[in-house]
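Trainee: Okay, so here is target-v4.pdb, and as you'll see once you scroll down, it has PDB, C-alpha atoms and all ligand atoms.
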```pdb
ATOM      1  CA  MET A   8      -7.163  61.302 -47.931  1.00  0.00           C
ATOM      2  CA  LYS A   9      -5.167  58.776 -49.894  1.00  0.00           C
ATOM      3  CA  GLN A  10      -6.670  57.484 -53.088  1.00  0.00           C
ATOM      4  CA  TRP A  11      -6.897  53.835 -51.954  1.00  0.00           C
ATOM      5  CA  ILE A  12      -9.134  54.965 -49.099  1.00  0.00           C
ATOM      6  CA  THR A  13     -11.488  57.134 -51.156  1.00  0.00           C
ATOM      7  CA  GLU A  14     -11.776  54.487 -53.859  1.00  0.00           C
ATOM      8  CA  LEU A  15     -12.393  51.698 -51.402  1.00  0.00           C
ATOM      9  CA  LEU A  16     -14.912  53.830 -49.499  1.00  0.00           C
ATOM     10  CA  ALA A  17     -16.799  54.470 -52.750  1.00  0.00           C
ATOM     11  CA  LEU A  18     -16.963  50.731 -53.464  1.00  0.00           C
ATOM     12  CA  GLN A  19     -17.907  49.981 -49.885  1.00  0.00           C
ATOM     13  CA  GLU A  20     -20.800  52.442 -50.027  1.00  0.00           C
ATOM     14  CA  ILE A  21     -22.249  50.482 -52.939  1.00  0.00           C
ATOM     15  CA  ASP A  22     -21.646  47.157 -51.205  1.00  0.00           C
ATOM     16  CA  MET A  23     -23.342  48.367 -48.045  1.00  0.00           C
ATOM     17  CA  ARG A  24     -26.274  49.497 -50.171  1.00  0.00           C
ATOM     18  CA  ILE A  25     -26.417  46.047 -51.792  1.00  0.00           C
ATOM     19  CA  ARG A  26     -26.192  44.375 -48.388  1.00  0.00           C
ATOM     20  CA  GLY A  27     -29.113  46.480 -47.123  1.00  0.00           C
ATOM     21  CA  LEU A  28     -31.191  45.692 -50.220  1.00  0.00           C
ATOM     22  CA  ARG A  29     -30.471  41.977 -49.844  1.00  0.00           C
ATOM     23  CA  THR A  30     -31.411  42.017 -46.184  1.00  0.00           C
ATOM     24  CA  ARG A  31     -34.710  43.667 -47.050  1.00  0.00           C
ATOM     25  CA  LEU A  32     -35.247  41.104 -49.813  1.00  0.00           C
ATOM     26  CA  THR A  33     -34.707  38.135 -47.489  1.00  0.00           C
ATOM     27  CA  MET A  34     -37.468  39.419 -45.202  1.00  0.00           C
ATOM     28  CA  ILE A  35     -40.128  39.216 -47.913  1.00  0.00           C
ATOM     29  CA  PRO A  36     -40.885  35.445 -47.881  1.00  0.00           C
ATOM     30  CA  GLU A  37     -41.506  35.557 -44.136  1.00  0.00           C
ATOM     31  CA  GLU A  38     -43.756  38.599 -44.517  1.00  0.00           C
ATOM     32  CA  MET A  39     -45.657  36.780 -47.255  1.00  0.00           C
ATOM     33  CA  SER A  40     -46.156  33.652 -45.189  1.00  0.00           C
ATOM     34  CA  LYS A  41     -47.275  35.783 -42.220  1.00  0.00           C
ATOM     35  CA  LEU A  42     -50.004  37.288 -44.405  1.00  0.00           C
ATOM     36  CA  GLU A  43     -51.053  33.869 -45.691  1.00  0.00           C
ATOM     37  CA  LYS A  44     -51.195  32.564 -42.135  1.00  0.00           C
ATOM     38  CA  GLU A  45     -53.354  35.499 -41.097  1.00  0.00           C
ATOM     39  CA  LEU A  46     -55.697  34.871 -44.004  1.00  0.00           C
ATOM     40  CA  LYS A  47     -55.995  31.205 -43.012  1.00  0.00           C
ATOM     41  CA  ILE A  48     -56.944  32.186 -39.455  1.00  0.00           C
ATOM     42  CA  GLU A  49     -59.566  34.627 -40.775  1.00  0.00           C
ATOM     43  CA  LYS A  50     -60.877  31.923 -43.100  1.00  0.00           C
ATOM     44  CA  SER A  51     -61.201  29.399 -40.307  1.00  0.00           C
ATOM     45  CA  LYS A  52     -63.133  31.971 -38.236  1.00  0.00           C
ATOM     46  CA  LEU A  53     -65.485  32.427 -41.172  1.00  0.00           C
ATOM     47  CA  ASP A  54     -65.834  28.656 -41.676  1.00  0.00           C
ATOM     48  CA  HIS A  55     -66.584  28.235 -38.008  1.00  0.00           C
ATOM     49  CA  ALA A  56     -69.326  30.902 -38.106  1.00  0.00           C
ATOM     50  CA  LYS A  57     -70.775  29.312 -41.225  1.00  0.00           C
ATOM     51  CA  GLU A  58     -70.707  25.823 -39.704  1.00  0.00           C
ATOM     52  CA  SER A  59     -72.618  26.924 -36.643  1.00  0.00           C
ATOM     53  CA  PHE A  60     -75.203  28.772 -38.784  1.00  0.00           C
ATOM     54  CA  VAL A  61     -75.637  25.802 -41.138  1.00  0.00           C
ATOM     55  CA  GLY A  62     -75.739  23.432 -38.169  1.00  0.00           C
ATOM     56  CA  ILE A  63     -78.655  25.285 -36.595  1.00  0.00           C
ATOM     57  CA  GLU A  64     -80.394  25.458 -39.968  1.00  0.00           C
ATOM     58  CA  LEU A  65     -80.056  21.672 -40.182  1.00  0.00           C
ATOM     59  CA  GLU A  66     -81.534  21.225 -36.693  1.00  0.00           C
ATOM     60  CA  ILE A  67     -84.532  23.336 -37.719  1.00  0.00           C
ATOM     61  CA  LYS A  68     -85.043  21.266 -40.882  1.00  0.00           C
ATOM     62  CA  LYS A  69     -84.756  18.038 -38.886  1.00  0.00           C
ATOM     63  CA  ARG A  70     -87.496  19.241 -36.551  1.00  0.00           C
ATOM     64  CA  GLU A  71     -89.673  20.404 -39.435  1.00  0.00           C
ATOM     65  CA  SER A  72     -89.542  16.933 -40.915  1.00  0.00           C
ATOM     66  CA  GLY A  73     -89.983  15.431 -37.434  1.00  0.00           C
ATOM     67  CA  ILE A  74     -93.208  17.399 -36.972  1.00  0.00           C
ATOM     68  CA  LYS A  75     -94.348  16.335 -40.427  1.00  0.00           C
ATOM     69  CA  ASP A  76     -93.691  12.658 -39.594  1.00  0.00           C
ATOM     70  CA  GLN A  77     -95.532  12.912 -36.315  1.00  0.00           C
ATOM     71  CA  ASN A  78     -98.507  14.602 -38.035  1.00  0.00           C
ATOM     72  CA  GLU A  79     -98.682  11.764 -40.531  1.00  0.00           C
ATOM     73  CA  THR A  80     -98.573   9.196 -37.733  1.00  0.00           C
ATOM     74  CA  MET A  81    -101.409  11.051 -36.029  1.00  0.00           C
ATOM     75  CA  LYS A  82    -103.437  11.087 -39.266  1.00  0.00           C
ATOM     76  CA  LYS A  83    -102.883   7.342 -39.569  1.00  0.00           C
ATOM     77  CA  TYR A  84    -103.946   6.751 -35.945  1.00  0.00           C
ATOM     78  CA  ASN A  85    -107.035   8.890 -36.411  1.00  0.00           C
ATOM     79  CA  THR A  86    -108.089   6.843 -39.433  1.00  0.00           C
ATOM     80  CA  GLN A  87    -107.408   3.617 -37.589  1.00  0.00           C
ATOM     81  CA  SER A  88    -109.264   4.744 -34.477  1.00  0.00           C
ATOM     82  CA  ALA A  89    -112.426   5.263 -36.487  1.00  0.00           C
ATOM     83  CA  GLN A  90    -112.413   1.551 -37.279  1.00  0.00           C
ATOM     84  CA  ILE A  91    -111.730   0.289 -33.745  1.00  0.00           C
ATOM     85  CA  LYS A  92    -114.705  -1.344 -32.061  1.00  0.00           C
ATOM     86  CA  LYS A  93    -113.278  -2.485 -28.728  1.00  0.00           C
ATOM     87  CA  ASN A  94    -113.188   0.068 -25.936  1.00  0.00           C
ATOM     88  CA  ASP A  95    -109.784  -0.886 -24.491  1.00  0.00           C
ATOM     89  CA  GLU A  96    -108.219  -0.856 -27.948  1.00  0.00           C
ATOM     90  CA  TYR A  97    -109.768   2.540 -28.596  1.00  0.00           C
ATOM     91  CA  ARG A  98    -108.399   3.896 -25.300  1.00  0.00           C
ATOM     92  CA  ALA A  99    -104.979   2.545 -26.150  1.00  0.00           C
ATOM     93  CA  MET A 100    -105.156   4.288 -29.512  1.00  0.00           C
ATOM     94  CA  MET A 101    -106.198   7.564 -27.858  1.00  0.00           C
ATOM     95  CA  HIS A 102    -103.227   7.196 -25.559  1.00  0.00           C
ATOM     96  CA  GLU A 103    -100.943   6.751 -28.585  1.00  0.00           C
ATOM     97  CA  ILE A 104    -102.443   9.852 -30.197  1.00  0.00           C
ATOM     98  CA  GLU A 105    -101.840  11.794 -26.984  1.00  0.00           C
ATOM     99  CA  ASN A 106     -98.207  10.630 -27.035  1.00  0.00           C
ATOM    100  CA  VAL A 107     -97.810  11.860 -30.584  1.00  0.00           C
ATOM    101  CA  LYS A 108     -99.304  15.258 -29.654  1.00  0.00           C
ATOM    102  CA  ASN A 109     -96.816  15.530 -26.784  1.00  0.00           C
ATOM    103  CA  LYS A 110     -93.960  14.629 -29.094  1.00  0.00           C
ATOM    104  CA  ILE A 111     -95.043  17.359 -31.540  1.00  0.00           C
ATOM    105  CA  SER A 112     -95.251  19.870 -28.719  1.00  0.00           C
ATOM    106  CA  ASP A 113     -91.769  18.929 -27.496  1.00  0.00           C
ATOM    107  CA  ILE A 114     -90.332  19.261 -30.996  1.00  0.00           C
ATOM    108  CA  GLU A 115     -92.023  22.644 -31.409  1.00  0.00           C
ATOM    109  CA  THR A 116     -90.514  23.888 -28.158  1.00  0.00           C
ATOM    110  CA  GLU A 117     -87.070  22.800 -29.332  1.00  0.00           C
ATOM    111  CA  GLN A 118     -87.769  24.422 -32.670  1.00  0.00           C
ATOM    112  CA  LEU A 119     -88.476  27.782 -31.017  1.00  0.00           C
ATOM    113  CA  GLY A 120     -85.127  27.582 -29.240  1.00  0.00           C
ATOM    114  CA  PHE A 121     -83.325  27.001 -32.534  1.00  0.00           C
ATOM    115  CA  MET A 122     -85.282  29.827 -34.183  1.00  0.00           C
ATOM    116  CA  ASP A 123     -83.909  32.215 -31.538  1.00  0.00           C
ATOM    117  CA  LYS A 124     -80.382  30.942 -32.113  1.00  0.00           C
ATOM    118  CA  ILE A 125     -80.454  31.039 -35.893  1.00  0.00           C
ATOM    119  CA  GLU A 126     -80.838  34.814 -36.113  1.00  0.00           C
ATOM    120  CA  VAL A 127     -77.820  35.321 -33.882  1.00  0.00           C
ATOM    121  CA  ALA A 128     -75.798  32.741 -35.820  1.00  0.00           C
ATOM    122  CA  LYS A 129     -76.824  34.248 -39.153  1.00  0.00           C
ATOM    123  CA  ASN A 130     -75.786  37.753 -38.083  1.00  0.00           C
ATOM    124  CA  ALA A 131     -72.506  36.440 -36.722  1.00  0.00           C
ATOM    125  CA  PHE A 132     -71.847  34.657 -40.006  1.00  0.00           C
ATOM    126  CA  LYS A 133     -72.720  37.741 -42.088  1.00  0.00           C
ATOM    127  CA  SER A 134     -70.471  40.028 -40.072  1.00  0.00           C
ATOM    128  CA  GLU A 135     -67.644  37.470 -40.121  1.00  0.00           C
ATOM    129  CA  GLU A 136     -68.086  37.220 -43.879  1.00  0.00           C
ATOM    130  CA  LYS A 137     -67.750  40.976 -44.275  1.00  0.00           C
ATOM    131  CA  LEU A 138     -64.697  41.063 -42.033  1.00  0.00           C
ATOM    132  CA  PHE A 139     -63.129  38.250 -44.025  1.00  0.00           C
ATOM    133  CA  LYS A 140     -63.769  39.869 -47.398  1.00  0.00           C
ATOM    134  CA  ASP A 141     -62.290  43.179 -46.222  1.00  0.00           C
ATOM    135  CA  ARG A 142     -59.222  41.503 -44.743  1.00  0.00           C
ATOM    136  CA  GLU A 143     -58.810  39.265 -47.779  1.00  0.00           C
ATOM    137  CA  LYS A 144     -58.773  42.323 -50.026  1.00  0.00           C
ATOM    138  CA  ALA A 145     -56.323  44.166 -47.795  1.00  0.00           C
ATOM    139  CA  ILE A 146     -54.030  41.129 -47.599  1.00  0.00           C
ATOM    140  CA  ALA A 147     -54.087  40.752 -51.388  1.00  0.00           C
ATOM    141  CA  GLU A 148     -53.060  44.405 -51.678  1.00  0.00           C
ATOM    142  CA  GLU A 149     -50.281  43.941 -49.133  1.00  0.00           C
ATOM    143  CA  GLU A 150     -49.046  40.890 -51.015  1.00  0.00           C
ATOM    144  CA  ASN A 151     -49.035  42.850 -54.261  1.00  0.00           C
ATOM    145  CA  GLU A 152     -47.037  45.611 -52.605  1.00  0.00           C
ATOM    146  CA  LEU A 153     -44.537  43.056 -51.341  1.00  0.00           C
ATOM    147  CA  ARG A 154     -44.202  41.518 -54.796  1.00  0.00           C
ATOM    148  CA  GLU A 155     -43.676  44.988 -56.251  1.00  0.00           C
ATOM    149  CA  LEU A 156     -41.066  45.738 -53.608  1.00  0.00           C
ATOM    150  CA  GLU A 157     -39.381  42.418 -54.345  1.00  0.00           C
ATOM    151  CA  GLY A 158     -39.109  43.353 -58.019  1.00  0.00           C
ATOM    152  CA  LYS A 159     -37.748  46.811 -57.210  1.00  0.00           C
ATOM    153  CA  LEU A 160     -35.183  45.413 -54.774  1.00  0.00           C
ATOM    154  CA  LYS A 161     -33.986  42.831 -57.281  1.00  0.00           C
ATOM    155  CA  ALA A 162     -33.693  45.464 -60.006  1.00  0.00           C
ATOM    156  CA  GLU A 163     -31.742  47.794 -57.753  1.00  0.00           C
ATOM    157  CA  ILE A 164     -29.454  44.999 -56.570  1.00  0.00           C
ATOM    158  CA  GLU A 165     -28.742  44.253 -60.206  1.00  0.00           C
ATOM    159  CA  SER A 166     -27.983  47.873 -61.104  1.00  0.00           C
ATOM    160  CA  GLN A 167     -25.858  48.384 -57.977  1.00  0.00           C
ATOM    161  CA  THR A 168     -23.996  45.166 -58.731  1.00  0.00           C
ATOM    162  CA  SER A 169     -23.057  46.328 -62.210  1.00  0.00           C
ATOM    163  CA  LEU A 170     -22.144  49.731 -60.776  1.00  0.00           C
ATOM    164  CA  ARG A 171     -19.810  48.120 -58.244  1.00  0.00           C
ATOM    165  CA  GLU A 172     -17.863  46.524 -61.122  1.00  0.00           C
ATOM    166  CA  GLU A 173     -16.893  49.992 -62.350  1.00  0.00           C
ATOM    167  CA  PHE A 174     -15.634  50.894 -58.898  1.00  0.00           C
ATOM    168  CA  SER A 175     -13.866  47.653 -58.085  1.00  0.00           C
ATOM    169  CA  VAL A 176     -11.632  47.717 -61.197  1.00  0.00           C
ATOM    170  CA  LYS A 177      -9.929  50.823 -59.804  1.00  0.00           C
ATOM    171  CA  ILE A 178      -8.761  48.993 -56.722  1.00  0.00           C
ATOM    172  CA  SER A 179      -5.543  46.966 -56.605  1.00  0.00           C
ATOM    173  CA  PRO A 180      -6.136  43.195 -56.690  1.00  0.00           C
ATOM    174  CA  ASP A 181      -4.391  42.627 -53.337  1.00  0.00           C
ATOM    175  CA  LEU A 182      -6.449  45.230 -51.547  1.00  0.00           C
ATOM    176  CA  LEU A 183      -9.588  44.062 -53.283  1.00  0.00           C
ATOM    177  CA  SER A 184      -9.083  40.498 -52.129  1.00  0.00           C
ATOM    178  CA  ILE A 185      -8.552  41.652 -48.515  1.00  0.00           C
ATOM    179  CA  TYR A 186     -11.662  43.789 -48.786  1.00  0.00           C
ATOM    180  CA  LYS A 187     -13.721  40.941 -50.272  1.00  0.00           C
ATOM    181  CA  ARG A 188     -12.682  38.619 -47.465  1.00  0.00           C
ATOM    182  CA  LEU A 189     -13.863  41.173 -44.877  1.00  0.00           C
ATOM    183  CA  LEU A 190     -17.047  41.835 -46.832  1.00  0.00           C
ATOM    184  CA  SER A 191     -17.852  38.123 -46.986  1.00  0.00           C
ATOM    185  CA  LYS A 192     -18.200  38.085 -43.174  1.00  0.00           C
ATOM    186  CA  LYS A 193     -21.579  39.716 -43.870  1.00  0.00           C
ATOM    187  CA  THR A 194     -21.460  41.709 -40.639  1.00  0.00           C
ATOM    188  CA  GLY A 195     -19.609  44.899 -39.869  1.00  0.00           C
ATOM    189  CA  ILE A 196     -18.042  47.289 -42.339  1.00  0.00           C
ATOM    190  CA  PRO A 197     -14.788  46.096 -43.991  1.00  0.00           C
ATOM    191  CA  LEU A 198     -13.037  49.482 -44.031  1.00  0.00           C
ATOM    192  CA  VAL A 199     -13.728  51.381 -40.822  1.00  0.00           C
ATOM    193  CA  ASP A 200     -12.614  54.689 -39.430  1.00  0.00           C
ATOM    194  CA  VAL A 201     -10.516  55.140 -36.332  1.00  0.00           C
ATOM    195  CA  TYR A 202     -11.489  57.862 -33.894  1.00  0.00           C
ATOM    196  CA  GLN A 203      -9.547  58.590 -30.697  1.00  0.00           C
ATOM    197  CA  GLY A 204      -7.670  55.328 -31.131  1.00  0.00           C
ATOM    198  CA  ILE A 205     -10.878  53.251 -31.227  1.00  0.00           C
ATOM    199  CA  CYS A 206     -11.768  50.852 -34.067  1.00  0.00           C
ATOM    200  CA  GLY A 207     -15.049  51.833 -35.738  1.00  0.00           C
ATOM    201  CA  ASN A 208     -16.025  48.182 -36.168  1.00  0.00           C
ATOM    202  CA  CYS A 209     -15.330  46.438 -32.865  1.00  0.00           C
ATOM    203  CA  HIS A 210     -15.042  49.646 -30.787  1.00  0.00           C
ATOM    204  CA  LEU A 211     -11.940  48.430 -29.003  1.00  0.00           C
ATOM    205  CA  LYS A 212      -8.785  50.449 -28.368  1.00  0.00           C
ATOM    206  CA  LEU A 213      -5.980  49.987 -30.847  1.00  0.00           C
ATOM    207  CA  THR A 214      -2.284  49.773 -29.981  1.00  0.00           C
ATOM    208  CA  PRO A 215      -0.365  53.079 -30.346  1.00  0.00           C
ATOM    209  CA  GLN A 216       1.639  51.485 -33.124  1.00  0.00           C
ATOM    210  CA  THR A 217      -1.510  50.644 -35.105  1.00  0.00           C
ATOM    211  CA  VAL A 218      -2.900  54.134 -34.500  1.00  0.00           C
ATOM    212  CA  ASN A 219       0.316  55.637 -35.869  1.00  0.00           C
ATOM    213  CA  THR A 220       0.115  53.501 -39.000  1.00  0.00           C
ATOM    214  CA  VAL A 221      -3.535  54.494 -39.471  1.00  0.00           C
ATOM    215  CA  ARG A 222      -2.551  58.199 -39.237  1.00  0.00           C
ATOM    216  CA  LYS A 223      -0.086  57.645 -42.086  1.00  0.00           C
ATOM    217  CA  GLU A 224      -3.011  56.238 -44.087  1.00  0.00           C
ATOM    218  CA  MET A 225      -1.193  52.982 -44.674  1.00  0.00           C
ATOM    219  CA  GLN A 226      -3.083  49.721 -45.036  1.00  0.00           C
ATOM    220  CA  VAL A 227      -3.368  48.273 -41.541  1.00  0.00           C
ATOM    221  CA  PHE A 228      -5.794  46.052 -39.675  1.00  0.00           C
ATOM    222  CA  CYS A 229      -7.514  46.309 -36.329  1.00  0.00           C
ATOM    223  CA  ASP A 230      -5.562  44.395 -33.643  1.00  0.00           C
ATOM    224  CA  ASN A 231      -8.802  42.834 -32.475  1.00  0.00           C
ATOM    225  CA  CYS A 232     -11.317  42.346 -35.344  1.00  0.00           C
ATOM    226  CA  GLY A 233      -8.924  42.432 -38.279  1.00  0.00           C
ATOM    227  CA  HIS A 234     -10.880  45.044 -40.234  1.00  0.00           C
ATOM    228  CA  LEU A 235      -9.106  47.559 -42.452  1.00  0.00           C
ATOM    229  CA  LEU A 236      -8.626  50.961 -40.857  1.00  0.00           C
ATOM    230  CA  TYR A 237      -8.450  54.581 -41.973  1.00  0.00           C
ATOM    231  CA  PRO A 238      -8.281  57.774 -39.932  1.00  0.00           C
ATOM    232  CA  ARG A 239     -11.399  59.845 -39.382  1.00  0.00           C
ATOM    233  CA  GLU A 240     -10.664  63.264 -40.868  1.00  0.00           C
ATOM    234  CA  THR A 241     -11.687  65.203 -37.758  1.00  0.00           C
ATOM    235  CA  GLU A 242      -9.176  63.325 -35.605  1.00  0.00           C
TER     236      GLU A 242
HETATM  237 ZN    ZN B   1     -11.773  46.319 -34.690  1.00  0.00          ZN
END
```
Turn this file's structure into structure tokens for me.

Mentor:
Amino acid sequence: MKQWITELLALQEIDMRIRGLRTRLTMIPEEMSKLEKELKIEKSKLDHAKESFVGIELEIKKRESGIKDQNETMKKYNTQSAQIKKNDEYRAMMHEIENVKNKISDIETEQLGFMDKIEVAKNAFKSEEKLFKDREKAIAEEENELRELEGKLKAEIESQTSLREEFSVKISPDLLSIYKRLLSKKTGIPLVDVYQGICGNCHLKLTPQTVNTVRKEMQVFCDNCGHLLYPRETE
């Protein structure tokens, strides 16, 4: 194999490595935001469970104070009733007291309903809390791993980039500029092999004339995609 091919292939190997590292690196922000989104969803589930638990707790407290108020009203009515002389007024007061008793009974019935619900809501909140804490910890670990990976990728890109300098100085400026132009397309491999007359980049058939030039290991481009060609050794 001619020297220009082996030298360019060596440089290309590094560039492909750098391209792969960069691709991996660009995926990290999206992975990070995915994790943050997941954590937000878990948090809102926890908030929701807490809200419904606290809400029921509030209803219970409201009824506790409602019962207390009604008991005080009843105490007041009882005191007043002791001072009433007229029969019809007394009956009216008894009727009021009966109303208050009914109110208390109604509140107590409601209270029992909320007491049943609060246990369920409390357990749901506790289990949601545990789930959230576990997931939060796992997400923090995943984020740390991603940050670590980010650092490693950046460091390797840097070392590969300085390594590529050593390789690129060996290549003639003309060839290097052609190669750089092909590399800047960001897809496909700049220098590709030809096997059975087919371009290794676009996979289309080359003209016999191009194939002949490739066999001579001269610098020639694919008739279709314009990439640099070299012959596969097994051909
Ligand atoms: Zn091609």

Trainee: Separation of atom CA of A:Cys206 and atom ZN of ligand ZN 1 (chain B), in Å?

Mentor: 4.6 Å

Trainee: Kindly assemble as JSON lines a list of the chain A residues that lie within 12 Å of ligand ZN 1 (chain B), each paired with its nearest atom pair and their distance in Å to one decimal, using all atoms listed in the file, sorted first by chain and then by ascending residue number.

Mentor:
```
{"residue": "A:Leu189", "atom": "CA", "partner": "B:ZN1", "partner_atom": "ZN", "distance": 11.6}
{"residue": "A:Gly195", "atom": "CA", "partner": "B:ZN1", "partner_atom": "ZN", "distance": 9.5}
{"residue": "A:Ile196", "atom": "CA", "partner": "B:ZN1", "partner_atom": "ZN", "distance": 9.9}
{"residue": "A:Pro197", "atom": "CA", "partner": "B:ZN1", "partner_atom": "ZN", "distance": 9.8}
{"residue": "A:Leu198", "atom": "CA", "partner": "B:ZN1", "partner_atom": "ZN", "distance": 9.9}
{"residue": "A:Val199", "atom": "CA", "partner": "B:ZN1", "partner_atom": "ZN", "distance": 8.2}
{"residue": "A:Asp200", "atom": "CA", "partner": "B:ZN1", "partner_atom": "ZN", "distance": 9.7}
{"residue": "A:Val201", "atom": "CA", "partner": "B:ZN1", "partner_atom": "ZN", "distance": 9.1}
{"residue": "A:Tyr202", "atom": "CA", "partner": "B:ZN1", "partner_atom": "ZN", "distance": 11.6}
{"residue": "A:Gly204", "atom": "CA", "partner": "B:ZN1", "partner_atom": "ZN", "distance": 10.5}
{"residue": "A:Ile205", "atom": "CA", "partner": "B:ZN1", "partner_atom": "ZN", "distance": 7.8}
{"residue": "A:Cys206", "atom": "CA", "partner": "B:ZN1", "partner_atom": "ZN", "distance": 4.6}
{"residue": "A:Gly207", "atom": "CA", "partner": "B:ZN1", "partner_atom": "ZN", "distance": 6.5}
{"residue": "A:Asn208", "atom": "CA", "partner": "B:ZN1", "partner_atom": "ZN", "distance": 4.9}
{"residue": "A:Cys209", "atom": "CA", "partner": "B:ZN1", "partner_atom": "ZN", "distance": 4.0}
{"residue": "A:His210", "atom": "CA", "partner": "B:ZN1", "partner_atom": "ZN", "distance": 6.1}
{"residue": "A:Leu211", "atom": "CA", "partner": "B:ZN1", "partner_atom": "ZN", "distance": 6.1}
{"residue": "A:Lys212", "atom": "CA", "partner": "B:ZN1", "partner_atom": "ZN", "distance": 8.1}
{"residue": "A:Leu213", "atom": "CA", "partner": "B:ZN1", "partner_atom": "ZN", "distance": 7.9}
{"residue": "A:Thr214", "atom": "CA", "partner": "B:ZN1", "partner_atom": "ZN", "distance": 11.1}
{"residue": "A:Thr217", "atom": "CA", "partner": "B:ZN1", "partner_atom": "ZN", "distance": 11.1}
{"residue": "A:Val218", "atom": "CA", "partner": "B:ZN1", "partner_atom": "ZN", "distance": 11.8}
{"residue": "A:Val227", "atom": "CA", "partner": "B:ZN1", "partner_atom": "ZN", "distance": 11.0}
{"residue": "A:Phe228", "atom": "CA", "partner": "B:ZN1", "partner_atom": "ZN", "distance": 7.8}
{"residue": "A:Cys229", "atom": "CA", "partner": "B:ZN1", "partner_atom": "ZN", "distance": 4.6}
{"residue": "A:Asp230", "atom": "CA", "partner": "B:ZN1", "partner_atom": "ZN", "distance": 6.6}
{"residue": "A:Asn231", "atom": "CA", "partner": "B:ZN1", "partner_atom": "ZN", "distance": 5.1}
{"residue": "A:Cys232", "atom": "CA", "partner": "B:ZN1", "partner_atom": "ZN", "distance": 4.1}
{"residue": "A:Gly233", "atom": "CA", "partner": "B:ZN1", "partner_atom": "ZN", "distance": 6.0}
{"residue": "A:His234", "atom": "CA", "partner": "B:ZN1", "partner_atom": "ZN", "distance": 5.8}
{"residue": "A:Leu235", "atom": "CA", "partner": "B:ZN1", "partner_atom": "ZN", "distance": 8.3}
{"residue": "A:Leu236", "atom": "CA", "partner": "B:ZN1", "partner_atom": "ZN", "distance": 8.3}
{"residue": "A:Tyr237", "atom": "CA", "partner": "B:ZN1", "partner_atom": "ZN", "distance": 11.5}
```

Trainee: Write a file of the selected residues as a compact mmCIF listing (two decimals), in the frame of the given file, keeping C-alpha atoms.

Mentor:
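This is the output file selection-v6.txt:
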```
# COMPACT_ATOMS: atom_id res chain seq x y z
CA LEU A 189 -13.86 41.17 -44.88
CA GLY A 195 -19.61 44.90 -39.87
CA ILE A 196 -18.04 47.29 -42.34
CA PRO A 197 -14.79 46.10 -43.99
CA LEU A 198 -13.04 49.48 -44.03
CA VAL A 199 -13.73 51.38 -40.82
CA ASP A 200 -12.61 54.69 -39.43
CA VAL A 201 -10.52 55.14 -36.33
CA TYR A 202 -11.49 57.86 -33.89
CA GLY A 204 -7.67 55.33 -31.13
CA ILE A 205 -10.88 53.25 -31.23
CA CYS A 206 -11.77 50.85 -34.07
CA GLY A 207 -15.05 51.83 -35.74
CA ASN A 208 -16.02 48.18 -36.17
CA CYS A 209 -15.33 46.44 -32.86
CA HIS A 210 -15.04 49.65 -30.79
CA LEU A 211 -11.94 48.43 -29.00
CA LYS A 212 -8.78 50.45 -28.37
CA LEU A 213 -5.98 49.99 -30.85
CA THR A 214 -2.28 49.77 -29.98
CA THR A 217 -1.51 50.64 -35.10
CA VAL A 218 -2.90 54.13 -34.50
CA VAL A 227 -3.37 48.27 -41.54
CA PHE A 228 -5.79 46.05 -39.67
CA CYS A 229 -7.51 46.31 -36.33
CA ASP A 230 -5.56 44.40 -33.64
CA ASN A 231 -8.80 42.83 -32.48
CA CYS A 232 -11.32 42.35 -35.34
CA GLY A 233 -8.92 42.43 -38.28
CA HIS A 234 -10.88 45.04 -40.23
CA LEU A 235 -9.11 47.56 -42.45
CA LEU A 236 -8.63 50.96 -40.86
CA TYR A 237 -8.45 54.58 -41.97
```

Trainee: So, counting all atoms listed in the file, which residue among A:Gln10, A:Gln90, A:Gln226, A:Thr194 is closest to A:Leu182?

Mentor: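 Result for the nearest residue to A:Leu182: A:Gln226.
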
Trainee: Quick one: everything within 12 Å of A:Ser191, counting only C-alpha atoms, minus sequence neighbours fewer than 5 positions away in the same chain. Send it as a list in words.

Mentor: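 The contact residues come out as Asp22, Met23, Arg26, Leu183, Ser184, Ile185, Tyr186, Ile196, Pro197 and His234 of chain A.
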
Trainee: Check the smallest atom-to-atom distance from each of A:Lys57, A:Glu14, A:Glu49, A:Arg98 to A:Ser179 using only C-alpha atoms, then report the winner.

Mentor: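 Distance minimum relative to A:Ser179 lands on A:Glu14.
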
Trainee: Using the chain letters and numbers from the file, which residues does the PyMOL selection byres (((chain A and resi 124) around 12) and not hetatm) grab, as a PyMOL selection string?

Mentor: chain A and resi 59-64+66-67+117-123+125-131

Trainee: For the atom pair atom CA of A:Ile74 and atom CA of A:Asn106, what is the interatomic distance in Å to one decimal place?

Mentor: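 Atom CA of A:Ile74 sits 13.0 Å away from atom CA of A:Asn106.
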
Trainee: I need the residue set behind the PyMOL selection byres (((chain A and resi 142) around 12) and not hetatm) for this file; please write it as a count of residues only.

Mentor: 24

Trainee: For atom CA of A:Pro238 and atom CA of A:Arg171, quote the distance in Å rounded to one decimal.

Mentor: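 Going from atom CA of A:Pro238 over to atom CA of A:Arg171, I get 23.7 Å.
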
Trainee: Which residues match the PyMOL selection byres (((chain A and resi 167-170) around 10) and not hetatm) in the file above, as a list in words?

Mentor: Leu18, Ile21, Asp22, Arg24, Ile25, Leu28, Lys161, Ala162, Glu163, Ile164, Glu165, Ser166, Arg171, Glu172, Glu173, Phe174 and Ser175 of chain A

Trainee: Enclose stretch 73-82 of chain A, meaning all of its atoms listed in the file, in a box aligned along x, y and z, pad it by 3 Å on each side, and list the centre and edge lengths in Å to one decimal, as JSON.

Mentor:
```
{"center_x": -96.7, "center_y": 13.3, "center_z": -38.3, "size_x": 19.5, "size_y": 14.2, "size_z": 10.5}
```

Trainee: A:Lys133, A:Lys192, A:Lys83, A:Arg222: which is nearest A:Glu240, counting only C-alpha atoms?

Mentor: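 Of A:Lys133, A:Lys192, A:Lys83, A:Arg222, the one nearest A:Glu240 is A:Arg222, counting only C-alpha atoms.
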